[in-house]
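Q: As input, take upload_39.cif (mmCIF, C-alpha atoms and all ligand atoms):
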```cif
data_model
loop_
_atom_site.label_atom_id
_atom_site.label_comp_id
_atom_site.auth_asym_id
_atom_site.auth_seq_id
_atom_site.Cartn_x
_atom_site.Cartn_y
_atom_site.Cartn_z
CA MET I 206 9.04 -0.98 -3.55
CA LYS I 207 8.32 -0.92 -7.27
CA VAL I 208 11.34 -2.11 -9.18
CA LEU I 209 12.34 -2.13 -12.85
CA VAL I 210 15.10 -4.44 -14.06
CA VAL I 211 16.61 -3.37 -17.40
CA GLY I 212 17.99 -6.08 -19.70
CA GLN I 213 17.09 -9.41 -21.22
CA GLY I 214 19.81 -11.95 -20.46
CA GLY I 215 20.41 -14.71 -17.96
CA ARG I 216 21.88 -12.10 -15.63
CA GLU I 217 18.63 -10.12 -15.62
CA HIS I 218 16.47 -13.21 -15.13
CA ALA I 219 18.63 -14.19 -12.15
CA ILE I 220 18.45 -10.66 -10.65
CA ALA I 221 14.68 -10.50 -11.17
CA TRP I 222 14.22 -14.02 -9.74
CA LYS I 223 16.07 -12.98 -6.58
CA ILE I 224 14.32 -9.58 -6.21
CA ALA I 225 10.95 -11.32 -6.68
CA ARG I 226 11.57 -13.16 -3.38
CA SER I 227 12.01 -9.92 -1.41
CA PRO I 228 9.32 -9.10 1.18
CA GLN I 229 9.96 -5.41 0.34
CA LEU I 230 8.80 -5.82 -3.26
CA THR I 231 5.34 -4.68 -4.37
CA ARG I 232 5.70 -4.79 -8.13
CA LEU I 233 8.45 -5.94 -10.50
CA TYR I 234 8.92 -4.99 -14.15
CA CYS I 235 11.53 -6.14 -16.63
CA ALA I 236 12.35 -4.31 -19.87
CA PRO I 237 12.46 -5.98 -22.26
CA GLY I 238 13.00 -9.27 -20.40
CA ASN I 239 12.62 -12.74 -21.89
CA ALA I 240 10.38 -15.79 -21.54
CA GLY I 241 11.97 -16.51 -18.15
CA THR I 242 11.66 -13.07 -16.57
CA GLU I 243 7.93 -13.09 -17.27
CA THR I 244 7.54 -15.91 -14.72
CA VAL I 245 8.66 -13.51 -11.96
CA ALA I 246 8.05 -10.00 -13.40
CA GLU I 247 5.89 -8.07 -15.85
CA ASN I 248 7.77 -7.77 -19.13
CA VAL I 249 7.56 -4.37 -20.82
CA PRO I 250 8.56 -4.34 -24.51
CA ILE I 251 11.14 -1.54 -24.32
CA ALA I 252 14.70 -2.27 -25.46
CA ALA I 253 17.52 -1.98 -22.92
CA ASP I 254 19.12 0.84 -24.94
CA ALA I 255 15.94 2.89 -25.44
CA VAL I 256 16.92 5.46 -22.82
CA ASP I 257 14.04 7.93 -23.32
CA ALA I 258 11.39 5.23 -23.24
CA LEU I 259 12.89 3.64 -20.11
CA VAL I 260 12.97 6.95 -18.25
CA GLY I 261 9.37 7.55 -19.35
CA LEU I 262 8.30 4.14 -18.05
CA ALA I 263 10.03 4.70 -14.70
CA GLU I 264 8.31 8.08 -14.30
CA ARG I 265 4.88 6.87 -15.40
CA GLU I 266 4.92 3.82 -13.10
CA ALA I 267 6.52 5.70 -10.18
CA ILE I 268 9.35 3.17 -9.99
CA ASP I 269 11.35 3.31 -6.74
CA LEU I 270 14.47 1.59 -8.06
CA VAL I 271 15.79 0.86 -11.55
CA VAL I 272 18.37 -1.92 -11.67
CA ILE I 273 20.43 -1.63 -14.86
CA GLY I 274 21.84 -5.02 -15.92
CA PRO I 275 23.90 -4.59 -19.10
CA GLU I 276 26.69 -2.17 -20.01
CA GLN I 277 25.14 -0.49 -23.08
CA PRO I 278 22.48 1.55 -21.26
CA LEU I 279 25.10 2.62 -18.70
CA THR I 280 27.40 3.93 -21.41
CA LEU I 281 24.40 5.65 -23.02
CA GLY I 282 23.78 7.56 -19.78
CA LEU I 283 20.61 5.84 -18.55
CA ALA I 284 21.66 6.16 -14.91
CA ASP I 285 22.44 9.90 -15.39
CA ARG I 286 19.00 10.45 -16.89
CA LEU I 287 17.17 8.54 -14.14
CA ARG I 288 19.04 10.41 -11.38
CA ALA I 289 18.27 13.72 -13.06
CA ALA I 290 14.59 12.71 -12.95
CA GLY I 291 14.86 11.93 -9.22
CA ILE I 292 14.61 8.14 -9.65
CA ALA I 293 16.98 5.86 -7.74
CA ALA I 294 19.15 3.91 -10.17
CA LEU I 295 21.58 1.06 -9.57
CA GLY I 296 24.47 1.54 -11.96
CA PRO I 297 27.09 4.20 -12.61
CA ASN I 298 26.71 7.37 -14.62
CA ARG I 299 28.18 7.44 -18.11
CA ALA I 300 31.45 9.06 -16.97
CA ALA I 301 32.12 6.22 -14.52
CA ALA I 302 31.05 3.56 -17.03
CA GLU I 303 34.18 4.58 -19.01
CA LEU I 304 35.98 2.15 -16.73
CA GLU I 305 34.38 -0.65 -18.77
CA ALA I 306 33.68 1.16 -22.05
CA SER I 307 37.32 2.15 -22.65
CA LYS I 308 40.09 -0.32 -21.94
CA SER I 309 42.70 2.43 -22.36
CA PHE I 310 40.91 4.54 -19.73
CA ALA I 311 40.94 1.56 -17.34
CA LYS I 312 44.59 0.77 -18.05
CA GLU I 313 45.71 4.40 -17.53
CA LEU I 314 43.79 4.51 -14.26
CA MET I 315 45.43 1.30 -13.05
CA ARG I 316 48.86 2.63 -14.00
CA GLU I 317 48.17 5.82 -12.08
CA LEU I 318 46.87 3.99 -8.99
CA GLY I 319 49.47 1.22 -9.04
CA VAL I 320 46.85 -1.52 -9.50
CA PRO I 321 48.53 -4.73 -10.72
CA THR I 322 47.77 -5.38 -14.40
CA ALA I 323 49.54 -6.46 -17.60
CA ARG I 324 52.05 -4.03 -19.15
CA PHE I 325 50.43 -2.27 -22.10
CA ALA I 326 50.40 0.47 -24.68
CA SER I 327 47.44 1.98 -26.50
CA PHE I 328 47.27 3.19 -30.10
CA ASP I 329 45.05 5.26 -32.34
CA ARG I 330 47.23 4.78 -35.43
CA ILE I 331 47.82 1.39 -36.98
CA GLU I 332 51.38 2.25 -38.15
CA ALA I 333 52.46 2.95 -34.58
CA ALA I 334 50.73 -0.21 -33.32
CA LEU I 335 52.43 -2.36 -35.98
CA SER I 336 55.87 -1.00 -35.18
CA TYR I 337 55.33 -1.59 -31.44
CA LEU I 338 54.98 -5.34 -32.13
CA ALA I 339 58.59 -5.78 -33.18
CA GLY I 340 60.24 -5.09 -29.82
CA HIS I 341 57.86 -7.14 -27.64
CA PRO I 342 57.85 -10.80 -26.68
CA LEU I 343 55.05 -13.10 -27.87
CA PRO I 344 52.34 -13.98 -27.25
CA LEU I 345 50.78 -10.52 -27.24
CA VAL I 346 47.16 -9.65 -26.54
CA VAL I 347 45.35 -7.22 -28.86
CA LYS I 348 42.18 -5.62 -27.46
CA ALA I 349 39.62 -3.36 -29.06
CA ASP I 350 39.37 -0.34 -26.77
CA GLY I 351 35.56 -0.16 -26.72
CA LEU I 352 32.67 -2.51 -26.02
CA ALA I 353 32.69 -5.68 -28.14
CA ALA I 354 30.50 -8.11 -26.15
CA GLY I 355 33.50 -10.07 -24.91
CA LYS I 356 34.72 -10.70 -28.47
CA GLY I 357 37.21 -7.83 -28.88
CA VAL I 358 40.22 -9.65 -27.39
CA THR I 359 42.66 -11.65 -29.53
CA ILE I 360 45.53 -13.64 -28.09
CA CYS I 361 48.28 -13.59 -30.69
CA PRO I 362 50.94 -16.33 -30.56
CA THR I 363 52.82 -14.98 -33.60
CA GLN I 364 53.80 -11.64 -35.09
CA GLU I 365 51.55 -12.40 -38.11
CA ALA I 366 48.54 -13.07 -35.87
CA ALA I 367 49.09 -9.79 -34.05
CA GLU I 368 49.38 -7.90 -37.34
CA ALA I 369 46.16 -9.51 -38.56
CA ALA I 370 44.34 -8.66 -35.32
CA LEU I 371 45.45 -5.04 -35.58
CA ARG I 372 44.34 -4.82 -39.23
CA GLU I 373 40.95 -6.36 -38.48
CA ALA I 374 40.30 -3.96 -35.61
CA MET I 375 41.87 -0.73 -36.86
CA HIS I 376 41.63 -1.03 -40.64
CA ASP I 377 38.76 -3.42 -41.50
CA GLY I 378 36.45 -2.12 -38.77
CA ARG I 379 35.61 -5.58 -37.37
CA PHE I 380 34.44 -4.01 -34.08
CA GLY I 381 33.24 -0.73 -35.58
CA ALA I 382 34.16 2.38 -33.63
CA ALA I 383 35.09 0.20 -30.63
CA GLY I 384 38.20 -1.01 -32.47
CA ARG I 385 39.56 2.26 -33.80
CA ARG I 386 41.75 2.46 -30.75
CA VAL I 387 43.49 -0.70 -29.49
CA VAL I 388 45.35 -1.74 -26.39
CA ILE I 389 48.26 -4.15 -26.85
CA GLU I 390 49.30 -5.89 -23.67
CA GLU I 391 51.57 -8.60 -22.39
CA PHE I 392 50.14 -12.11 -22.08
CA LEU I 393 49.44 -13.23 -18.53
CA ASP I 394 49.53 -16.85 -17.42
CA GLY I 395 47.44 -18.27 -14.62
CA GLU I 396 43.88 -19.03 -13.57
CA GLU I 397 41.04 -16.54 -14.07
CA ALA I 398 38.46 -15.52 -11.50
CA SER I 399 35.71 -12.92 -11.32
CA TYR I 400 35.69 -10.77 -8.21
CA ILE I 401 32.61 -8.58 -7.91
CA VAL I 402 31.59 -6.05 -5.26
CA LEU I 403 28.59 -3.85 -4.67
CA THR I 404 29.41 -0.19 -4.04
CA ASP I 405 27.70 3.16 -3.54
CA GLY I 406 30.89 4.96 -4.59
CA ARG I 407 32.44 4.73 -1.12
CA ALA I 408 31.33 1.65 0.86
CA ILE I 409 32.19 -1.77 -0.56
CA VAL I 410 30.26 -5.02 -0.04
CA PRO I 411 32.00 -8.03 -1.63
CA LEU I 412 30.02 -10.74 -3.36
CA ALA I 413 31.16 -14.36 -3.30
CA ALA I 414 33.90 -15.07 -5.84
CA SER I 415 33.03 -16.84 -9.07
CA GLN I 416 34.61 -18.15 -12.24
CA ASP I 417 33.27 -18.29 -15.77
CA HIS I 418 34.30 -20.26 -18.85
CA LYS I 419 34.75 -17.85 -21.73
CA ALA I 420 35.95 -20.29 -24.39
CA ALA I 421 33.32 -21.89 -26.62
CA TYR I 422 34.55 -25.50 -26.45
CA ASP I 423 35.54 -28.11 -23.88
CA GLY I 424 39.03 -27.79 -22.42
CA ASP I 425 38.72 -23.98 -22.52
CA ARG I 426 39.48 -24.03 -26.26
CA GLY I 427 37.92 -22.20 -29.18
CA PRO I 428 36.79 -18.63 -29.64
CA ASN I 429 35.91 -16.37 -26.72
CA THR I 430 32.21 -16.05 -25.91
CA GLY I 431 30.25 -14.04 -23.39
CA GLY I 432 30.56 -17.13 -21.14
CA MET I 433 29.54 -20.79 -21.54
CA GLY I 434 29.14 -21.53 -17.85
CA ALA I 435 30.12 -20.36 -14.40
CA TYR I 436 30.36 -21.43 -10.79
CA SER I 437 30.70 -20.01 -7.32
CA PRO I 438 32.61 -20.06 -5.04
CA ALA I 439 35.94 -20.02 -6.92
CA PRO I 440 38.36 -22.23 -4.98
CA VAL I 441 41.33 -20.24 -6.34
CA VAL I 442 40.10 -17.16 -4.41
CA ASP I 443 40.94 -17.91 -0.78
CA ALA I 444 40.66 -15.45 2.13
CA ALA I 445 44.21 -14.13 1.71
CA LEU I 446 43.76 -13.52 -2.00
CA GLU I 447 40.41 -11.85 -1.40
CA ALA I 448 41.96 -9.48 1.15
CA ARG I 449 44.75 -8.64 -1.29
CA VAL I 450 42.31 -7.93 -4.14
CA LEU I 451 40.19 -5.71 -1.92
CA GLU I 452 43.21 -3.75 -0.74
CA ARG I 453 45.23 -3.52 -3.96
CA VAL I 454 42.49 -3.42 -6.61
CA ILE I 455 38.97 -2.68 -5.42
CA ARG I 456 39.61 -0.04 -2.73
CA PRO I 457 42.02 2.08 -4.83
CA VAL I 458 39.71 1.98 -7.87
CA VAL I 459 36.55 2.90 -5.92
CA ASP I 460 38.40 5.77 -4.21
CA GLY I 461 40.27 6.79 -7.36
CA MET I 462 37.10 7.01 -9.44
CA ARG I 463 35.40 9.09 -6.74
CA ALA I 464 38.41 11.41 -6.59
CA LYS I 465 38.15 11.92 -10.35
CA GLY I 466 34.53 12.98 -10.02
CA ARG I 467 33.39 9.71 -11.59
CA PRO I 468 31.98 7.85 -8.59
CA LEU I 469 31.12 4.21 -9.18
CA ASN I 470 27.70 2.91 -8.30
CA GLY I 471 26.30 -0.60 -8.38
CA PHE I 472 28.53 -3.51 -9.24
CA LEU I 473 32.26 -3.34 -9.87
CA TYR I 474 33.55 -6.49 -11.52
CA ALA I 475 37.29 -7.18 -11.63
CA GLY I 476 38.28 -9.88 -14.11
CA LEU I 477 41.47 -11.29 -12.57
CA MET I 478 44.32 -13.48 -13.75
CA ILE I 479 45.86 -15.21 -10.77
CA GLY I 480 49.44 -16.13 -11.57
CA SER I 481 52.56 -17.03 -9.63
CA ASP I 482 53.14 -13.38 -8.70
CA GLY I 483 49.60 -12.74 -7.47
CA PRO I 484 46.39 -11.40 -8.99
CA LYS I 485 46.44 -8.98 -11.93
CA VAL I 486 43.46 -7.22 -13.46
CA LEU I 487 42.44 -8.26 -16.99
CA GLU I 488 39.47 -5.93 -17.19
CA PHE I 489 36.86 -4.05 -15.22
CA ASN I 490 33.13 -4.21 -15.79
CA VAL I 491 30.70 -1.82 -14.12
CA ARG I 492 27.92 -4.40 -13.85
CA LEU I 493 27.38 -7.99 -12.85
CA GLY I 494 28.88 -10.71 -15.04
CA ASP I 495 26.79 -13.05 -17.10
CA PRO I 496 26.70 -16.03 -16.50
CA GLU I 497 28.39 -15.47 -13.08
CA THR I 498 25.25 -13.81 -11.72
CA GLN I 499 23.28 -17.01 -12.10
CA PRO I 500 25.17 -19.17 -9.56
CA LEU I 501 25.65 -16.08 -7.37
CA MET I 502 21.93 -15.40 -7.09
CA LEU I 503 21.26 -19.06 -6.33
CA ARG I 504 23.76 -18.93 -3.44
CA LEU I 505 22.70 -15.56 -2.01
CA GLU I 506 20.73 -16.03 1.20
CA SER I 507 20.24 -12.34 2.10
CA ASP I 508 17.51 -10.16 0.67
CA LEU I 509 19.05 -8.52 -2.40
CA LEU I 510 16.59 -5.65 -2.79
CA PRO I 511 17.51 -3.55 0.31
CA ALA I 512 21.20 -3.94 -0.54
CA LEU I 513 20.63 -2.69 -4.08
CA TYR I 514 18.52 0.21 -2.85
CA ALA I 515 21.18 1.14 -0.29
CA ALA I 516 23.88 1.11 -2.98
CA ALA I 517 21.74 3.21 -5.32
CA THR I 518 21.05 5.80 -2.62
CA GLY I 519 24.51 6.14 -1.03
CA SER I 520 23.74 4.29 2.20
CA LEU I 521 25.47 0.96 1.68
CA GLU I 522 27.76 1.24 4.72
CA GLY I 523 26.92 -1.53 7.21
CA THR I 524 25.24 -3.85 4.68
CA THR I 525 26.43 -7.45 4.58
CA LEU I 526 25.47 -10.29 2.27
CA VAL I 527 25.27 -13.91 3.40
CA TRP I 528 26.08 -16.75 0.99
CA SER I 529 25.11 -20.39 1.17
CA PRO I 530 28.16 -22.59 1.72
CA GLU I 531 26.86 -24.88 -1.02
CA PRO I 532 28.48 -24.35 -4.42
CA ALA I 533 26.34 -23.53 -7.44
CA VAL I 534 27.02 -24.14 -11.10
CA CYS I 535 25.54 -22.67 -14.29
CA VAL I 536 25.78 -24.53 -17.59
CA VAL I 537 24.86 -22.44 -20.66
CA LEU I 538 22.83 -23.99 -23.47
CA ALA I 539 23.80 -22.07 -26.61
CA SER I 540 22.53 -21.89 -30.18
CA GLU I 541 24.24 -23.65 -33.07
CA GLY I 542 27.01 -21.44 -34.45
CA TYR I 543 27.47 -19.31 -31.30
CA PRO I 544 29.52 -17.11 -30.91
CA GLU I 545 30.09 -16.37 -34.64
CA SER I 546 26.42 -16.51 -35.55
CA SER I 547 23.33 -18.17 -34.19
CA ARG I 548 20.25 -19.83 -35.58
CA THR I 549 17.21 -18.57 -33.67
CA GLY I 550 13.43 -18.96 -33.64
CA LEU I 551 13.63 -22.66 -32.77
CA PRO I 552 11.16 -24.27 -30.34
CA ILE I 553 12.60 -25.38 -26.98
CA ALA I 554 11.26 -28.63 -25.50
CA GLY I 555 11.28 -29.84 -21.91
CA LEU I 556 11.36 -26.53 -20.03
CA PRO I 557 9.85 -26.43 -16.53
CA ALA I 558 6.95 -23.92 -16.86
CA ASP I 559 7.93 -21.92 -13.77
CA CYS I 560 11.68 -22.34 -14.47
CA GLU I 561 12.18 -24.09 -11.13
CA LEU I 562 14.23 -27.28 -10.67
CA PRO I 563 14.34 -29.33 -7.42
CA ASP I 564 17.84 -27.95 -6.76
CA GLY I 565 18.00 -24.79 -8.85
CA VAL I 566 16.56 -22.71 -11.68
CA VAL I 567 16.60 -22.76 -15.47
CA PHE I 568 17.46 -19.13 -16.08
CA HIS I 569 16.49 -17.85 -19.51
CA ALA I 570 18.75 -15.71 -21.71
CA GLY I 571 17.93 -15.67 -25.43
CA THR I 572 14.32 -16.85 -25.29
CA ARG I 573 10.93 -15.43 -26.23
CA ARG I 574 7.40 -16.72 -25.94
CA GLU I 575 5.05 -17.17 -28.88
CA GLY I 576 1.69 -18.30 -27.54
CA THR I 577 2.44 -21.33 -25.37
CA GLN I 578 5.73 -22.10 -27.11
CA VAL I 579 9.11 -20.80 -25.94
CA LEU I 580 11.52 -20.11 -28.84
CA THR I 581 15.26 -19.44 -28.99
CA SER I 582 16.11 -15.81 -29.73
CA GLY I 583 19.84 -15.40 -29.16
CA GLY I 584 23.26 -17.01 -28.92
CA ARG I 585 23.11 -17.97 -25.27
CA VAL I 586 19.65 -19.44 -24.73
CA LEU I 587 19.43 -20.86 -21.19
CA GLY I 588 21.56 -21.09 -18.05
CA VAL I 589 20.78 -24.28 -16.16
CA THR I 590 21.84 -23.38 -12.62
CA THR I 591 21.93 -25.85 -9.74
CA ARG I 592 23.39 -26.21 -6.28
CA GLY I 593 24.73 -29.26 -4.48
CA ALA I 594 26.49 -30.37 -1.30
CA ASP I 595 29.78 -30.13 -3.22
CA TYR I 596 30.91 -29.20 -6.74
CA ARG I 597 30.50 -32.78 -7.97
CA GLU I 598 26.87 -32.87 -6.91
CA ALA I 599 26.10 -29.35 -8.18
CA VAL I 600 27.59 -30.21 -11.58
CA ALA I 601 25.80 -33.57 -11.75
CA ASN I 602 22.50 -31.87 -10.96
CA ALA I 603 22.98 -29.38 -13.80
CA TYR I 604 23.84 -32.01 -16.41
CA ARG I 605 20.96 -34.20 -15.26
CA ALA I 606 18.51 -31.29 -15.65
CA ILE I 607 19.86 -30.59 -19.15
CA GLU I 608 19.02 -34.11 -20.34
CA SER I 609 15.33 -33.26 -20.54
CA ILE I 610 15.76 -29.90 -22.35
CA SER I 611 16.33 -29.71 -26.10
CA PHE I 612 16.29 -27.51 -29.17
CA ASP I 613 17.80 -27.97 -32.63
CA GLY I 614 21.56 -27.44 -32.70
CA MET I 615 21.83 -26.97 -28.91
CA SER I 616 25.48 -26.67 -27.91
CA VAL I 617 26.74 -27.29 -24.39
CA ARG I 618 30.17 -27.49 -22.82
CA ARG I 619 30.49 -30.78 -20.96
CA ASP I 620 33.28 -29.70 -18.58
CA ILE I 621 31.92 -26.73 -16.67
CA ALA I 622 33.69 -26.29 -13.30
CA TRP I 623 36.49 -28.71 -14.20
CA ARG I 624 39.06 -26.67 -12.28
CA ALA I 625 36.95 -26.71 -9.13
CA LEU I 626 36.34 -30.45 -9.52
CA GLU I 627 40.06 -31.08 -9.96
CA ARG I 628 40.90 -29.10 -6.83
CA SER I 629 38.35 -30.79 -4.60
P1 LIG B 1 38.91 -9.07 -21.30
O1 LIG B 1 37.65 -8.73 -22.03
O2 LIG B 1 39.94 -8.00 -21.33
O3 LIG B 1 38.67 -9.64 -19.93
O4 LIG B 1 39.50 -10.32 -22.10
C1 LIG B 1 38.72 -11.44 -22.39
C2 LIG B 1 39.49 -12.70 -22.09
O5 LIG B 1 40.72 -12.73 -22.83
C3 LIG B 1 39.92 -12.83 -20.65
O6 LIG B 1 38.91 -13.37 -19.86
C4 LIG B 1 41.12 -13.75 -20.78
O7 LIG B 1 40.71 -15.10 -20.92
C5 LIG B 1 41.77 -13.30 -22.04
N1 LIG B 1 42.79 -12.27 -21.78
C6 LIG B 1 42.61 -10.93 -21.78
N2 LIG B 1 43.75 -10.28 -21.49
C7 LIG B 1 44.69 -11.23 -21.32
C8 LIG B 1 46.08 -11.19 -21.02
N3 LIG B 1 46.75 -10.05 -20.85
N4 LIG B 1 46.74 -12.37 -20.90
C9 LIG B 1 46.09 -13.55 -21.09
N5 LIG B 1 44.78 -13.64 -21.39
C10 LIG B 1 44.08 -12.51 -21.51
N1 LIG B 2 31.12 -13.36 -17.99
C1 LIG B 2 31.85 -12.22 -18.28
C2 LIG B 2 31.10 -10.97 -18.43
O1 LIG B 2 29.94 -10.88 -18.08
O2 LIG B 2 31.66 -9.99 -18.88
#
```
How does the structure come out when it is put into structure tokens?
Ligand code: AMP
Ligand code: GLY
A:
Amino acid sequence: MKVLVVGQGGREHAIAWKIARSPQLTRLYCAPGNAGTETVAENVPIAADAVDALVGLAEREAIDLVVIGPEQPLTLGLADRLRAAGIAALGPNRAAAELEASKSFAKELMRELGVPTARFASFDRIEAALSYLAGHPLPLVVKADGLAAGKGVTICPTQEAAEAALREAMHDGRFGAAGRRVVIEEFLDGEEASYIVLTDGRAIVPLAASQDHKAAYDGDRGPNTGGMGAYSPAPVVDAALEARVLERVIRPVVDGMRAKGRPLNGFLYAGLMIGSDGPKVLEFNVRLGDPETQPLMLRLESDLLPALYAAATGSLEGTTLVWSPEPAVCVVLASEGYPESSRTGLPIAGLPADCELPDGVVFHAGTRREGTQVLTSGGRVLGVTTRGADYREAVANAYRAIESISFDGMSVRRDIAWRALERS
């Protein structure tokens, strides 16, 4: 099979790394990829949102399967266009990608299907949003309706903070068009986990559970980021909880979307808050999480490629995925200033040339090659991902590997997987 992976983050490097090990693979492309994906695939310099050029590439190279990593191309209709051209695509059509691209769409769907989630209201007019604040207990959570790279959510402990968040989104245009509509919801307490399944719109194959660390600084403090680290499995997700999430969240949403003529395809990611009254959905994504994909791919023992092809072509029923019992941990090395800004173009020292570690992989995210030198090119630069006999060992292996890697202003959380370590 000839395969094209679309995207350029740690998620796409991890997907490409895993597909590259498939005996069914003949040729692997990544567009645009990064300095890591080029160790396992041929990078093609086409941006992930350049829909026409990507369809052209897939046609020209007679690609058998296009695996779409990030959300933007899905919401731009890349999967629709590939399917129309007769090319198998992993990822939902634009209409189904609404589940991620509009929080109000997702919340209305959950209300309709009785999926547990925070109480909410959505607003297109700032006056109505401001007057809603008065009658509701704090803290409140203000969310930009559209895509904001994980940065559109503000937890507001006071009335003033909520007013400011509404003004920034709806009046000052902080998130552009994505913030013209907002969702205001009740604050949920508990522990977060990421529960991801593979689906062809009907059949469901669960992945192992994982957890990411969204906050920028140690102790889960500071601004929200795309994710500073992740690990799998997530001890908070036991068999009973998993069964409950499948029955009360995943199954109704997969069936409900199909019934609406918006069948899901590819990965369905439920961001969960697990509190004293059970799991509630914080958000849905219609793709794999990043960095969660990195420890997941390290733990996956089955061949990924036939499972992806089956999901893309509506024949997923009967597929199972086998996971190593060993935990895996990903620690993100980020640029100075991330997430607000990031200094880029800096040389990275100490990288293994083939990305391989004795017990894992240095997955690349924001990197590019210039001659023989690898340079930083984004906020999240690398995901050092390692396994171990237990969490302690997996974590120790990651931090040991990081000691030999450096670039100017490198920022790293020192407490990745602390909840798992505390539990075990
Ligand atoms: P989202 O993009 O909706 O998943 O929100 C990003 C992050 O904000 C989540 O991972 C949570 O850490 C936090 N968050 C979102 N909604 C809530 C909520 N209702 N209660 C508490 N925290 C939340
Ligand atoms: N790590 C969270 C996400 O990919 O959305």
Q: Rank I:Leu493, I:Ala221, I:Leu287, I:Ile409 by their smallest atom-to-atom distance to ligand LIG 2 (chain B), using all atoms listed in the file, and report the top residue only.
A: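 Smallest separation from ligand LIG 2 (chain B) among the options: I:Leu493.
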Q: Pick out the residues no farther than 7 Å from ligand LIG 1 (chain B), counting all atoms listed in the file, and list them as a PyMOL selection string.
A: chain I and resi 323+346+348+355+357-358+360+390-394+397+419+429+476+487-488
Q: For range 512-573 of chain I versus range 598-619 of chain I, which residues have an atom no more than 7 Å away, and what is each residue's nearest atom pair and distance in Å rounded to one decimal, using all atoms listed in the file, chain-then-number order, as CSV?
A:
```
residue,atom,partner,partner_atom,distance
I:Pro532,CA,I:Ala599,CA,6.7
I:Ala533,CA,I:Ala599,CA,5.9
I:Val534,CA,I:Ala599,CA,6.0
I:Val536,CA,I:Ala603,CA,6.8
I:Val537,CA,I:Val617,CA,6.4
I:Leu538,CA,I:Val617,CA,5.2
I:Ala539,CA,I:Ser616,CA,5.1
I:Ser540,CA,I:Met615,CA,5.3
I:Glu541,CA,I:Gly614,CA,4.7
I:Leu551,CA,I:Phe612,CA,6.6
I:Pro552,CA,I:Phe612,CA,6.2
I:Ile553,CA,I:Phe612,CA,4.8
I:Ala554,CA,I:Ser611,CA,5.2
I:Gly555,CA,I:Ile610,CA,4.5
I:Leu556,CA,I:Ile610,CA,6.0
```
Q: How far is it from CA of Pro438 in chain I to CA of Val566 in chain I, in Å with one decimal?
A: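 We find that CA of Pro438 in chain I and CA of Val566 in chain I lie 17.6 Å from each other.
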Q: With 6 Å of padding per side, what axis-aligned box (centre and edge lengths, Å, one decimal) covers all the listed atoms of ligand LIG 2 (chain B)? Give it as lines of an AutoDock Vina configuration file.
A:
```
center_x = 30.9
center_y = -11.7
center_z = -18.4
size_x = 13.9
size_y = 15.4
size_z = 12.9
```
Q: Find the residues near range 211-213 of chain I: any atom within 10 Å, counting all atoms listed in the file, skip ones fewer than 5 places away on the same chain, and give them as a JSON list (two decimals) with C-alpha atoms, in the coordinates of the input.
A:
```json
[["chain", "number", "residue", "atom", "x", "y", "z"],
["I", 218, "HIS", "CA", 16.47, -13.21, -15.13],
["I", 221, "ALA", "CA", 14.68, -10.50, -11.17],
["I", 234, "TYR", "CA", 8.92, -4.99, -14.15],
["I", 235, "CYS", "CA", 11.53, -6.14, -16.63],
["I", 236, "ALA", "CA", 12.35, -4.31, -19.87],
["I", 237, "PRO", "CA", 12.46, -5.98, -22.26],
["I", 238, "GLY", "CA", 13.00, -9.27, -20.40],
["I", 239, "ASN", "CA", 12.62, -12.74, -21.89],
["I", 240, "ALA", "CA", 10.38, -15.79, -21.54],
["I", 241, "GLY", "CA", 11.97, -16.51, -18.15],
["I", 242, "THR", "CA", 11.66, -13.07, -16.57],
["I", 248, "ASN", "CA", 7.77, -7.77, -19.13],
["I", 249, "VAL", "CA", 7.56, -4.37, -20.82],
["I", 251, "ILE", "CA", 11.14, -1.54, -24.32],
["I", 252, "ALA", "CA", 14.70, -2.27, -25.46],
["I", 253, "ALA", "CA", 17.52, -1.98, -22.92],
["I", 254, "ASP", "CA", 19.12, 0.84, -24.94],
["I", 259, "LEU", "CA", 12.89, 3.64, -20.11],
["I", 271, "VAL", "CA", 15.79, 0.86, -11.55],
["I", 272, "VAL", "CA", 18.37, -1.92, -11.67],
["I", 273, "ILE", "CA", 20.43, -1.63, -14.86],
["I", 274, "GLY", "CA", 21.84, -5.02, -15.92],
["I", 275, "PRO", "CA", 23.90, -4.59, -19.10],
["I", 276, "GLU", "CA", 26.69, -2.17, -20.01],
["I", 277, "GLN", "CA", 25.14, -0.49, -23.08],
["I", 278, "PRO", "CA", 22.48, 1.55, -21.26],
["I", 569, "HIS", "CA", 16.49, -17.85, -19.51],
["I", 570, "ALA", "CA", 18.75, -15.71, -21.71],
["I", 571, "GLY", "CA", 17.93, -15.67, -25.43],
["I", 572, "THR", "CA", 14.32, -16.85, -25.29],
["I", 573, "ARG", "CA", 10.93, -15.43, -26.23]]
```
Q: So how many Å separate CA of Asp329 in chain I and CA of Lys308 in chain I, to one decimal?
A: 12.8 Å
Q: Collect all residues with atoms no farther than 12 Å from ligand LIG 2 (chain B), counting only C-alpha atoms and all ligand atoms, and output them as a PyMOL selection string.
A: chain I and resi 214-217+274-276+305-306+352-357+397-401+415-420+429-436+472-477+487-500+535+537+585
Q: Which protein, DNA or RNA residues are at most 6 Å from (21.4, -17.3, -30.3) in the file's coordinates when you count only C-alpha atoms, listed as a short mmCIF file (atom, residue, chain, number, x, y, z; two decimals) with C-alpha atoms, in the frame of the given file?
A:
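For reference, selection.cif as written:
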```
data_model
loop_
_atom_site.label_atom_id
_atom_site.label_comp_id
_atom_site.auth_asym_id
_atom_site.auth_seq_id
_atom_site.Cartn_x
_atom_site.Cartn_y
_atom_site.Cartn_z
CA SER I 540 22.53 -21.89 -30.18
CA SER I 547 23.33 -18.17 -34.19
CA ARG I 548 20.25 -19.83 -35.58
CA THR I 549 17.21 -18.57 -33.67
CA SER I 582 16.11 -15.81 -29.73
CA GLY I 583 19.84 -15.40 -29.16
CA GLY I 584 23.26 -17.01 -28.92
CA ARG I 585 23.11 -17.97 -25.27
#
```
